[in-house]
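What follows is the content of input19.txt (compact mmCIF, N, CA and C atoms and all ligand atoms).
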```txt
# COMPACT_ATOMS: atom_id res chain seq x y z
N MET A 1 0.84 -1.21 0.00
CA MET A 1 0.00 0.00 0.00
C MET A 1 0.87 1.26 0.00
N GLN A 2 0.41 2.25 -0.77
CA GLN A 2 1.18 3.49 -0.87
C GLN A 2 1.13 4.31 0.42
N GLU A 3 2.20 5.04 0.62
CA GLU A 3 2.36 5.87 1.82
C GLU A 3 1.17 6.82 2.04
N ALA A 4 0.71 7.47 0.95
CA ALA A 4 -0.37 8.45 1.05
C ALA A 4 -1.68 7.78 1.49
N GLN A 5 -1.93 6.58 0.95
CA GLN A 5 -3.15 5.85 1.32
C GLN A 5 -3.09 5.41 2.77
N LEU A 6 -1.91 4.96 3.16
CA LEU A 6 -1.71 4.52 4.52
C LEU A 6 -1.95 5.68 5.50
N GLU A 7 -1.49 6.85 5.11
CA GLU A 7 -1.66 8.04 5.93
C GLU A 7 -3.15 8.38 6.06
N GLN A 8 -3.87 8.25 4.95
CA GLN A 8 -5.31 8.52 4.91
C GLN A 8 -6.05 7.57 5.87
N ILE A 9 -5.65 6.32 5.86
CA ILE A 9 -6.28 5.33 6.72
C ILE A 9 -5.92 5.57 8.19
N LYS A 10 -4.69 5.98 8.41
CA LYS A 10 -4.26 6.29 9.78
C LYS A 10 -5.13 7.42 10.37
N VAL A 11 -5.36 8.47 9.54
CA VAL A 11 -6.19 9.58 9.98
C VAL A 11 -7.60 9.09 10.31
N ARG A 12 -8.13 8.24 9.45
CA ARG A 12 -9.48 7.68 9.64
C ARG A 12 -9.54 6.88 10.96
N LEU A 13 -8.52 6.08 11.19
CA LEU A 13 -8.47 5.27 12.41
C LEU A 13 -8.39 6.15 13.66
N GLU A 14 -7.61 7.20 13.57
CA GLU A 14 -7.49 8.11 14.71
C GLU A 14 -8.80 8.84 14.98
N GLU A 15 -9.51 9.16 13.90
CA GLU A 15 -10.84 9.77 14.05
C GLU A 15 -11.79 8.81 14.77
N MET A 16 -11.76 7.55 14.35
CA MET A 16 -12.62 6.53 14.96
C MET A 16 -12.30 6.40 16.45
N GLN A 17 -11.01 6.37 16.75
CA GLN A 17 -10.55 6.25 18.12
C GLN A 17 -11.09 7.42 18.97
N ALA A 18 -10.95 8.63 18.45
CA ALA A 18 -11.40 9.82 19.17
C ALA A 18 -12.92 9.79 19.37
N GLU A 19 -13.62 9.36 18.32
CA GLU A 19 -15.09 9.25 18.38
C GLU A 19 -15.52 8.29 19.49
N ILE A 20 -14.93 7.12 19.51
CA ILE A 20 -15.30 6.10 20.50
C ILE A 20 -14.98 6.60 21.91
N LEU A 21 -13.80 7.14 22.08
CA LEU A 21 -13.40 7.63 23.41
C LEU A 21 -14.31 8.75 23.87
N GLY A 22 -14.67 9.65 22.96
CA GLY A 22 -15.56 10.76 23.29
C GLY A 22 -16.92 10.27 23.72
N GLU A 23 -17.46 9.28 22.97
CA GLU A 23 -18.78 8.76 23.28
C GLU A 23 -18.83 8.02 24.60
N SER A 24 -17.79 7.23 24.91
CA SER A 24 -17.88 6.47 26.16
C SER A 24 -17.78 7.39 27.38
N GLU A 25 -17.05 8.49 27.26
CA GLU A 25 -17.02 9.45 28.36
C GLU A 25 -18.40 10.03 28.62
N GLU A 26 -19.10 10.36 27.53
CA GLU A 26 -20.45 10.89 27.64
C GLU A 26 -21.37 9.92 28.36
N THR A 27 -21.27 8.63 28.02
CA THR A 27 -22.15 7.63 28.61
C THR A 27 -21.96 7.56 30.13
N VAL A 28 -20.73 7.53 30.58
CA VAL A 28 -20.44 7.46 32.01
C VAL A 28 -21.00 8.69 32.71
N HIS A 29 -20.78 9.83 32.10
CA HIS A 29 -21.24 11.09 32.67
C HIS A 29 -22.76 11.09 32.78
N GLY A 30 -23.44 10.69 31.67
CA GLY A 30 -24.90 10.65 31.62
C GLY A 30 -25.48 9.77 32.71
N MET A 31 -24.87 8.62 32.94
CA MET A 31 -25.34 7.66 33.94
C MET A 31 -25.37 8.27 35.34
N GLN A 32 -24.30 8.94 35.69
CA GLN A 32 -24.22 9.51 37.03
C GLN A 32 -25.28 10.59 37.23
N GLU A 33 -25.49 11.41 36.23
CA GLU A 33 -26.48 12.47 36.34
C GLU A 33 -27.89 11.93 36.45
N GLU A 34 -28.24 10.97 35.58
CA GLU A 34 -29.60 10.46 35.53
C GLU A 34 -30.06 9.82 36.83
N SER A 35 -29.20 9.06 37.49
CA SER A 35 -29.64 8.33 38.68
C SER A 35 -30.04 9.28 39.82
N THR A 36 -29.51 10.46 39.83
CA THR A 36 -29.94 11.41 40.86
C THR A 36 -31.16 12.21 40.41
N LEU A 37 -31.41 12.24 39.11
CA LEU A 37 -32.53 13.02 38.58
C LEU A 37 -33.88 12.33 38.74
N TYR A 38 -33.90 10.97 38.76
CA TYR A 38 -35.16 10.25 38.81
C TYR A 38 -35.28 9.43 40.09
N PRO A 39 -35.90 9.99 41.13
CA PRO A 39 -36.04 9.23 42.38
C PRO A 39 -37.16 8.19 42.32
N ASP A 40 -38.10 8.31 41.37
CA ASP A 40 -39.21 7.37 41.22
C ASP A 40 -38.70 5.99 40.81
N PRO A 41 -39.13 4.90 41.52
CA PRO A 41 -38.62 3.56 41.20
C PRO A 41 -38.93 3.11 39.76
N ASN A 42 -40.13 3.49 39.25
CA ASN A 42 -40.47 3.11 37.87
C ASN A 42 -39.55 3.77 36.86
N ASP A 43 -39.28 5.01 37.09
CA ASP A 43 -38.36 5.71 36.22
C ASP A 43 -36.99 5.08 36.30
N ARG A 44 -36.64 4.68 37.53
CA ARG A 44 -35.32 4.06 37.71
C ARG A 44 -35.23 2.74 36.96
N ALA A 45 -36.38 1.97 36.99
CA ALA A 45 -36.38 0.68 36.30
C ALA A 45 -36.12 0.85 34.81
N SER A 46 -36.80 1.82 34.20
CA SER A 46 -36.57 2.00 32.77
C SER A 46 -35.17 2.55 32.51
N LEU A 47 -34.68 3.27 33.49
CA LEU A 47 -33.30 3.75 33.36
C LEU A 47 -32.31 2.60 33.43
N GLU A 48 -32.63 1.62 34.29
CA GLU A 48 -31.79 0.42 34.39
C GLU A 48 -31.63 -0.23 33.02
N THR A 49 -32.79 -0.41 32.35
CA THR A 49 -32.76 -1.02 31.02
C THR A 49 -31.90 -0.20 30.08
N GLU A 50 -32.08 1.09 30.18
CA GLU A 50 -31.30 1.97 29.32
C GLU A 50 -29.81 1.84 29.63
N HIS A 51 -29.51 1.72 30.92
CA HIS A 51 -28.11 1.57 31.31
C HIS A 51 -27.51 0.28 30.78
N ILE A 52 -28.33 -0.80 30.83
CA ILE A 52 -27.84 -2.08 30.31
C ILE A 52 -27.54 -1.94 28.82
N ASN A 53 -28.46 -1.27 28.11
CA ASN A 53 -28.22 -1.03 26.69
C ASN A 53 -26.96 -0.20 26.47
N ASN A 54 -26.81 0.82 27.31
CA ASN A 54 -25.61 1.65 27.20
C ASN A 54 -24.35 0.83 27.42
N LEU A 55 -24.43 -0.08 28.40
CA LEU A 55 -23.26 -0.91 28.70
C LEU A 55 -22.95 -1.83 27.52
N ARG A 56 -24.01 -2.35 26.88
CA ARG A 56 -23.81 -3.21 25.71
C ARG A 56 -23.13 -2.43 24.60
N ILE A 57 -23.61 -1.21 24.38
CA ILE A 57 -23.01 -0.38 23.35
C ILE A 57 -21.55 -0.11 23.70
N ARG A 58 -21.32 0.18 24.97
CA ARG A 58 -19.93 0.46 25.39
C ARG A 58 -19.04 -0.75 25.22
N ASP A 59 -19.61 -1.94 25.47
CA ASP A 59 -18.85 -3.17 25.29
C ASP A 59 -18.43 -3.33 23.83
N ARG A 60 -19.40 -3.07 22.93
CA ARG A 60 -19.11 -3.14 21.50
C ARG A 60 -18.06 -2.09 21.12
N GLU A 61 -18.22 -0.90 21.70
CA GLU A 61 -17.27 0.18 21.40
C GLU A 61 -15.87 -0.17 21.88
N ARG A 62 -15.82 -0.82 23.06
CA ARG A 62 -14.51 -1.20 23.62
C ARG A 62 -13.82 -2.20 22.70
N LYS A 63 -14.62 -3.15 22.18
CA LYS A 63 -14.05 -4.14 21.25
C LYS A 63 -13.56 -3.47 19.98
N LEU A 64 -14.39 -2.54 19.47
CA LEU A 64 -14.02 -1.83 18.25
C LEU A 64 -12.76 -1.00 18.50
N LEU A 65 -12.70 -0.39 19.68
CA LEU A 65 -11.54 0.42 20.04
C LEU A 65 -10.27 -0.45 20.02
N GLY A 66 -10.38 -1.65 20.55
CA GLY A 66 -9.26 -2.59 20.54
C GLY A 66 -8.80 -2.87 19.11
N LYS A 67 -9.79 -3.07 18.22
CA LYS A 67 -9.48 -3.35 16.82
C LYS A 67 -8.83 -2.14 16.15
N VAL A 68 -9.34 -0.94 16.49
CA VAL A 68 -8.78 0.29 15.92
C VAL A 68 -7.32 0.44 16.37
N GLU A 69 -7.08 0.15 17.66
CA GLU A 69 -5.71 0.27 18.18
C GLU A 69 -4.76 -0.75 17.53
N GLU A 70 -5.27 -1.97 17.32
CA GLU A 70 -4.46 -2.98 16.63
C GLU A 70 -4.13 -2.54 15.21
N ALA A 71 -5.15 -1.97 14.54
CA ALA A 71 -4.95 -1.50 13.16
C ALA A 71 -3.89 -0.39 13.12
N LEU A 72 -3.96 0.52 14.10
CA LEU A 72 -2.97 1.60 14.16
C LEU A 72 -1.56 1.05 14.37
N GLU A 73 -1.47 0.00 15.19
CA GLU A 73 -0.17 -0.65 15.41
C GLU A 73 0.35 -1.24 14.11
N ARG A 74 -0.57 -1.88 13.35
CA ARG A 74 -0.16 -2.46 12.07
C ARG A 74 0.29 -1.40 11.09
N VAL A 75 -0.37 -0.20 11.15
CA VAL A 75 0.06 0.90 10.29
C VAL A 75 1.49 1.30 10.69
N GLU A 76 1.74 1.40 12.00
CA GLU A 76 3.06 1.80 12.52
C GLU A 76 4.15 0.83 12.08
N ASN A 77 3.90 -0.47 12.25
CA ASN A 77 4.98 -1.40 11.90
C ASN A 77 4.87 -1.96 10.47
N LYS A 78 4.11 -1.24 9.63
CA LYS A 78 4.04 -1.50 8.17
C LYS A 78 3.52 -2.89 7.81
N THR A 79 2.71 -3.47 8.67
CA THR A 79 2.12 -4.77 8.31
C THR A 79 0.64 -4.60 7.97
N PHE A 80 0.21 -3.34 7.88
CA PHE A 80 -1.19 -3.05 7.62
C PHE A 80 -1.58 -3.39 6.19
N GLY A 81 -2.82 -3.92 6.03
CA GLY A 81 -3.38 -4.09 4.70
C GLY A 81 -3.22 -5.49 4.12
N TYR A 82 -2.71 -6.43 4.92
CA TYR A 82 -2.57 -7.80 4.43
C TYR A 82 -3.55 -8.73 5.15
N CYS A 83 -4.09 -9.67 4.39
CA CYS A 83 -5.08 -10.59 4.93
C CYS A 83 -4.44 -11.57 5.91
N GLU A 84 -5.12 -11.76 7.05
CA GLU A 84 -4.63 -12.64 8.10
C GLU A 84 -4.64 -14.10 7.63
N GLU A 85 -5.56 -14.40 6.72
CA GLU A 85 -5.78 -15.77 6.29
C GLU A 85 -4.84 -16.17 5.14
N CYS A 86 -4.83 -15.38 4.07
CA CYS A 86 -4.09 -15.79 2.87
C CYS A 86 -2.85 -14.95 2.63
N GLY A 87 -2.69 -13.84 3.35
CA GLY A 87 -1.48 -13.02 3.21
C GLY A 87 -1.50 -12.07 2.03
N ASN A 88 -2.57 -12.10 1.23
CA ASN A 88 -2.68 -11.16 0.11
C ASN A 88 -3.06 -9.76 0.60
N GLU A 89 -2.86 -8.78 -0.29
CA GLU A 89 -3.28 -7.43 0.06
C GLU A 89 -4.81 -7.38 0.12
N ILE A 90 -5.33 -6.68 1.11
CA ILE A 90 -6.78 -6.64 1.31
C ILE A 90 -7.46 -5.76 0.26
N GLY A 91 -6.81 -4.73 -0.19
CA GLY A 91 -7.40 -3.85 -1.20
C GLY A 91 -7.84 -2.55 -0.57
N LYS A 92 -7.45 -1.44 -1.19
CA LYS A 92 -7.64 -0.16 -0.52
C LYS A 92 -9.10 0.26 -0.39
N GLU A 93 -9.97 -0.12 -1.37
CA GLU A 93 -11.38 0.26 -1.26
C GLU A 93 -12.00 -0.32 0.00
N ARG A 94 -11.72 -1.60 0.21
CA ARG A 94 -12.27 -2.29 1.38
C ARG A 94 -11.70 -1.68 2.67
N LEU A 95 -10.41 -1.36 2.64
CA LEU A 95 -9.77 -0.82 3.83
C LEU A 95 -10.26 0.59 4.17
N LEU A 96 -10.61 1.34 3.13
CA LEU A 96 -11.11 2.70 3.40
C LEU A 96 -12.50 2.64 4.04
N ILE A 97 -13.28 1.64 3.68
CA ILE A 97 -14.61 1.50 4.27
C ILE A 97 -14.51 0.85 5.65
N ARG A 98 -13.72 -0.20 5.75
CA ARG A 98 -13.56 -0.92 7.02
C ARG A 98 -12.07 -1.04 7.37
N PRO A 99 -11.50 0.06 7.89
CA PRO A 99 -10.05 0.03 8.13
C PRO A 99 -9.60 -0.96 9.21
N VAL A 100 -10.54 -1.48 10.00
CA VAL A 100 -10.14 -2.41 11.06
C VAL A 100 -10.15 -3.88 10.59
N THR A 101 -10.57 -4.11 9.36
CA THR A 101 -10.68 -5.49 8.90
C THR A 101 -9.30 -6.16 8.76
N THR A 102 -9.25 -7.47 9.02
CA THR A 102 -7.98 -8.18 8.88
C THR A 102 -8.08 -9.28 7.82
N PHE A 103 -9.20 -9.30 7.09
CA PHE A 103 -9.38 -10.32 6.06
C PHE A 103 -9.72 -9.68 4.72
N CYS A 104 -9.27 -10.30 3.63
CA CYS A 104 -9.66 -9.82 2.31
C CYS A 104 -11.10 -10.28 2.02
N VAL A 105 -11.70 -9.72 0.98
CA VAL A 105 -13.11 -10.04 0.68
C VAL A 105 -13.32 -11.54 0.49
N ALA A 106 -12.41 -12.17 -0.27
CA ALA A 106 -12.57 -13.60 -0.58
C ALA A 106 -12.56 -14.44 0.71
N CYS A 107 -11.62 -14.16 1.62
CA CYS A 107 -11.53 -14.94 2.85
C CYS A 107 -12.74 -14.67 3.75
N LYS A 108 -13.13 -13.42 3.81
CA LYS A 108 -14.29 -13.06 4.64
C LYS A 108 -15.54 -13.78 4.13
N GLU A 109 -15.69 -13.78 2.80
CA GLU A 109 -16.86 -14.42 2.21
C GLU A 109 -16.87 -15.92 2.46
N SER A 110 -15.70 -16.55 2.36
CA SER A 110 -15.68 -18.00 2.58
C SER A 110 -15.93 -18.31 4.06
N GLN A 111 -15.47 -17.44 4.96
CA GLN A 111 -15.77 -17.61 6.39
C GLN A 111 -17.27 -17.53 6.64
N GLU A 112 -17.88 -16.52 6.01
CA GLU A 112 -19.32 -16.34 6.20
C GLU A 112 -20.10 -17.51 5.62
N ALA A 113 -19.61 -18.03 4.49
CA ALA A 113 -20.26 -19.19 3.88
C ALA A 113 -20.20 -20.38 4.83
N VAL A 114 -19.06 -20.57 5.49
CA VAL A 114 -18.91 -21.66 6.46
C VAL A 114 -19.91 -21.48 7.60
N GLU A 115 -20.00 -20.23 8.10
CA GLU A 115 -20.96 -19.93 9.17
C GLU A 115 -22.39 -20.26 8.74
N ASP A 116 -22.74 -19.83 7.51
CA ASP A 116 -24.08 -20.09 6.98
C ASP A 116 -24.35 -21.58 6.91
N ASN A 117 -23.35 -22.33 6.45
CA ASN A 117 -23.49 -23.77 6.34
C ASN A 117 -23.74 -24.42 7.69
N LYS A 118 -22.97 -24.01 8.68
CA LYS A 118 -23.14 -24.54 10.04
C LYS A 118 -24.58 -24.32 10.48
N TRP A 119 -25.03 -23.11 10.22
CA TRP A 119 -26.36 -22.73 10.64
C TRP A 119 -27.41 -23.59 9.94
N CYS A 120 -27.21 -23.84 8.63
CA CYS A 120 -28.13 -24.66 7.86
C CYS A 120 -28.19 -26.08 8.41
N TRP A 121 -27.03 -26.63 8.74
CA TRP A 121 -26.98 -27.98 9.29
C TRP A 121 -27.73 -28.07 10.60
N LYS A 122 -27.54 -27.07 11.43
CA LYS A 122 -28.23 -27.05 12.72
C LYS A 122 -29.74 -27.01 12.51
N LYS A 123 -30.15 -26.17 11.58
CA LYS A 123 -31.56 -26.00 11.30
C LYS A 123 -32.17 -27.32 10.80
N LEU A 124 -31.42 -27.98 9.93
CA LEU A 124 -31.85 -29.26 9.38
C LEU A 124 -31.96 -30.29 10.48
N LEU A 125 -30.96 -30.33 11.33
CA LEU A 125 -30.93 -31.28 12.44
C LEU A 125 -32.12 -31.06 13.36
N PHE A 126 -32.37 -29.80 13.69
CA PHE A 126 -33.50 -29.49 14.57
C PHE A 126 -34.82 -29.87 13.93
N SER A 127 -34.93 -29.62 12.62
CA SER A 127 -36.19 -29.92 11.96
C SER A 127 -36.44 -31.43 11.95
N ILE A 128 -35.37 -32.22 11.89
CA ILE A 128 -35.52 -33.68 11.95
C ILE A 128 -35.89 -34.12 13.37
N LEU A 129 -35.15 -33.55 14.34
CA LEU A 129 -35.36 -33.93 15.74
C LEU A 129 -36.74 -33.55 16.26
N LEU A 130 -37.27 -32.44 15.71
CA LEU A 130 -38.53 -31.91 16.24
C LEU A 130 -39.76 -32.50 15.55
N LYS A 131 -39.53 -33.37 14.60
CA LYS A 131 -40.66 -33.95 13.85
C LYS A 131 -41.48 -34.90 14.72
ZN ZN B 1 -7.48 -13.47 2.29
```

Write the structure described by the file as C-alpha cells, please.
Amino acid sequence: MQEAQLEQIKVRLEEMQAEILGESEETVHGMQEESTLYPDPNDRASLETEHINNLRIRDRERKLLGKVEEALERVENKTFGYCEECGNEIGKERLLIRPVTTFCVACKESQEAVEDNKWCWKKLLFSILLK
C-alpha cells in the first residue's frame, strides 16, 4: 500500500478512536447524572434497562476500540493491509470502508459461507429432531 493511502487510513483510524473515546465518556457522565434526577422507582427501572443497553453499546465500542488500536499498530509497523488468512493485500477500497478489517473479501466471504453452512446444518438437524 502506498504511503499516502496509509496516511489517509491512519487519519481515519485516529478519528474513529477519538469518536469512540468521546462517546464512552459521555455515557459514564450521563449515567451519574440520571440516577440522581429520577427518584421514582419506575423511572429508575426504565433507566436500568437503558443503562444495560448503554453498557452493551460500550462493550461493542470497547471491542471496536481494541481493533482500531491494533490496526494503528499495524500501520506503525508496516504490516497493515494484508489478509490474516491468505497473506494477500486486502485492497484499498475495502480498507477505506472498514479500516479495522484483517481479512480480504474472498476470505471473509468463505468464512461467512462456512458460518451459513453450520447454521443450515443445525436448522436441518433441529427440523428432523422436532418432527
Ligand atoms: Zn485473504

Kindly indicate which residue among A:Ile52, A:Val68, A:Ser110, A:Gly81 lies nearest to Glu14 in chain A, using all atoms listed in the file for the distances. A:Val68

Test item: residues no farther than 6.5 Å from ligand ZN 1 (chain B), counting all atoms listed in the file, as JSON, numbers by chain: {"A": [83, 84, 85, 86, 87, 88, 103, 104, 105, 106, 107, 108]}

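Distances to Leu65 in chain A were evaluated for A:Lys118, A:Ile20, A:Leu124, A:Ala113 using all atoms listed in the file, and the minimum falls at A:Ile20.
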
To one decimal in Å, tell me the separation between atom C of Glu15 in chain A and atom C of Gln111 in chain A.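 It comes out at 28.1 Å.
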
Pick from A:Asp40, A:Leu21, A:Asp116, A:Thr102, whichever lies nearest to Glu61 in chain A using only N, CA and C atoms: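 Under the stated criterion, the closest residue is A:Leu21.
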
Quick check, in Å to one decimal: how far apart do CA of Ile9 in chain A and atom C of Arg60 in chain A lie? 20.0 Å

Å distance separating atom C of Glu76 in chain A from CA of Lys10 in chain A, one decimal place: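 If I compute the distance from atom C of Glu76 in chain A to CA of Lys10 in chain A, I get 10.3 Å.
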
Distance query range 11-13 of chain A at most 8 Å, all atoms listed in the file, self and fewer than 4 positions along chain excluded, as an MDAnalysis selection string: chainID A and resid 5:7 17:19 68:69 71:72 99:100

Could you write those residues out with N, CA and C atoms, as a PDB file, keeping the file's coordinate frame?
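Written output follows (selection-v4.pdb):
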```
ATOM      1  N   GLN A   5      -1.930   6.580   0.950  1.00  0.00           N
ATOM      2  CA  GLN A   5      -3.150   5.850   1.320  1.00  0.00           C
ATOM      3  C   GLN A   5      -3.090   5.410   2.770  1.00  0.00           C
ATOM      4  N   LEU A   6      -1.910   4.960   3.160  1.00  0.00           N
ATOM      5  CA  LEU A   6      -1.710   4.520   4.520  1.00  0.00           C
ATOM      6  C   LEU A   6      -1.950   5.680   5.500  1.00  0.00           C
ATOM      7  N   GLU A   7      -1.490   6.850   5.110  1.00  0.00           N
ATOM      8  CA  GLU A   7      -1.660   8.040   5.930  1.00  0.00           C
ATOM      9  C   GLU A   7      -3.150   8.380   6.060  1.00  0.00           C
ATOM     10  N   GLN A  17     -11.010   6.370  16.750  1.00  0.00           N
ATOM     11  CA  GLN A  17     -10.550   6.250  18.120  1.00  0.00           C
ATOM     12  C   GLN A  17     -11.090   7.420  18.970  1.00  0.00           C
ATOM     13  N   ALA A  18     -10.950   8.630  18.450  1.00  0.00           N
ATOM     14  CA  ALA A  18     -11.400   9.820  19.170  1.00  0.00           C
ATOM     15  C   ALA A  18     -12.920   9.790  19.370  1.00  0.00           C
ATOM     16  N   GLU A  19     -13.620   9.360  18.320  1.00  0.00           N
ATOM     17  CA  GLU A  19     -15.090   9.250  18.380  1.00  0.00           C
ATOM     18  C   GLU A  19     -15.520   8.290  19.490  1.00  0.00           C
ATOM     19  N   VAL A  68      -9.340  -0.940  16.490  1.00  0.00           N
ATOM     20  CA  VAL A  68      -8.780   0.290  15.920  1.00  0.00           C
ATOM     21  C   VAL A  68      -7.320   0.440  16.370  1.00  0.00           C
ATOM     22  N   GLU A  69      -7.080   0.150  17.660  1.00  0.00           N
ATOM     23  CA  GLU A  69      -5.710   0.270  18.180  1.00  0.00           C
ATOM     24  C   GLU A  69      -4.760  -0.750  17.530  1.00  0.00           C
ATOM     25  N   ALA A  71      -5.150  -1.970  14.540  1.00  0.00           N
ATOM     26  CA  ALA A  71      -4.950  -1.500  13.160  1.00  0.00           C
ATOM     27  C   ALA A  71      -3.890  -0.390  13.120  1.00  0.00           C
ATOM     28  N   LEU A  72      -3.960   0.520  14.100  1.00  0.00           N
ATOM     29  CA  LEU A  72      -2.970   1.600  14.160  1.00  0.00           C
ATOM     30  C   LEU A  72      -1.560   1.050  14.370  1.00  0.00           C
ATOM     31  N   PRO A  99     -11.500   0.060   7.890  1.00  0.00           N
ATOM     32  CA  PRO A  99     -10.050   0.030   8.130  1.00  0.00           C
ATOM     33  C   PRO A  99      -9.600  -0.960   9.210  1.00  0.00           C
ATOM     34  N   VAL A 100     -10.540  -1.480  10.000  1.00  0.00           N
ATOM     35  CA  VAL A 100     -10.140  -2.410  11.060  1.00  0.00           C
ATOM     36  C   VAL A 100     -10.150  -3.880  10.590  1.00  0.00           C
TER      37      VAL A 100
END
```

Residue set, chain A restricted to alpha helix (DSSP H), as a ChimeraX atom specification: /A:3-37,41-76,92-97,105-129

Counting only C-alpha atoms, the option among A:His51, A:Arg98, A:Arg44, A:Lys92 closest to Leu64 in chain A: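 Residue with the minimum atom-to-atom distance to Leu64 in chain A: A:Arg98.
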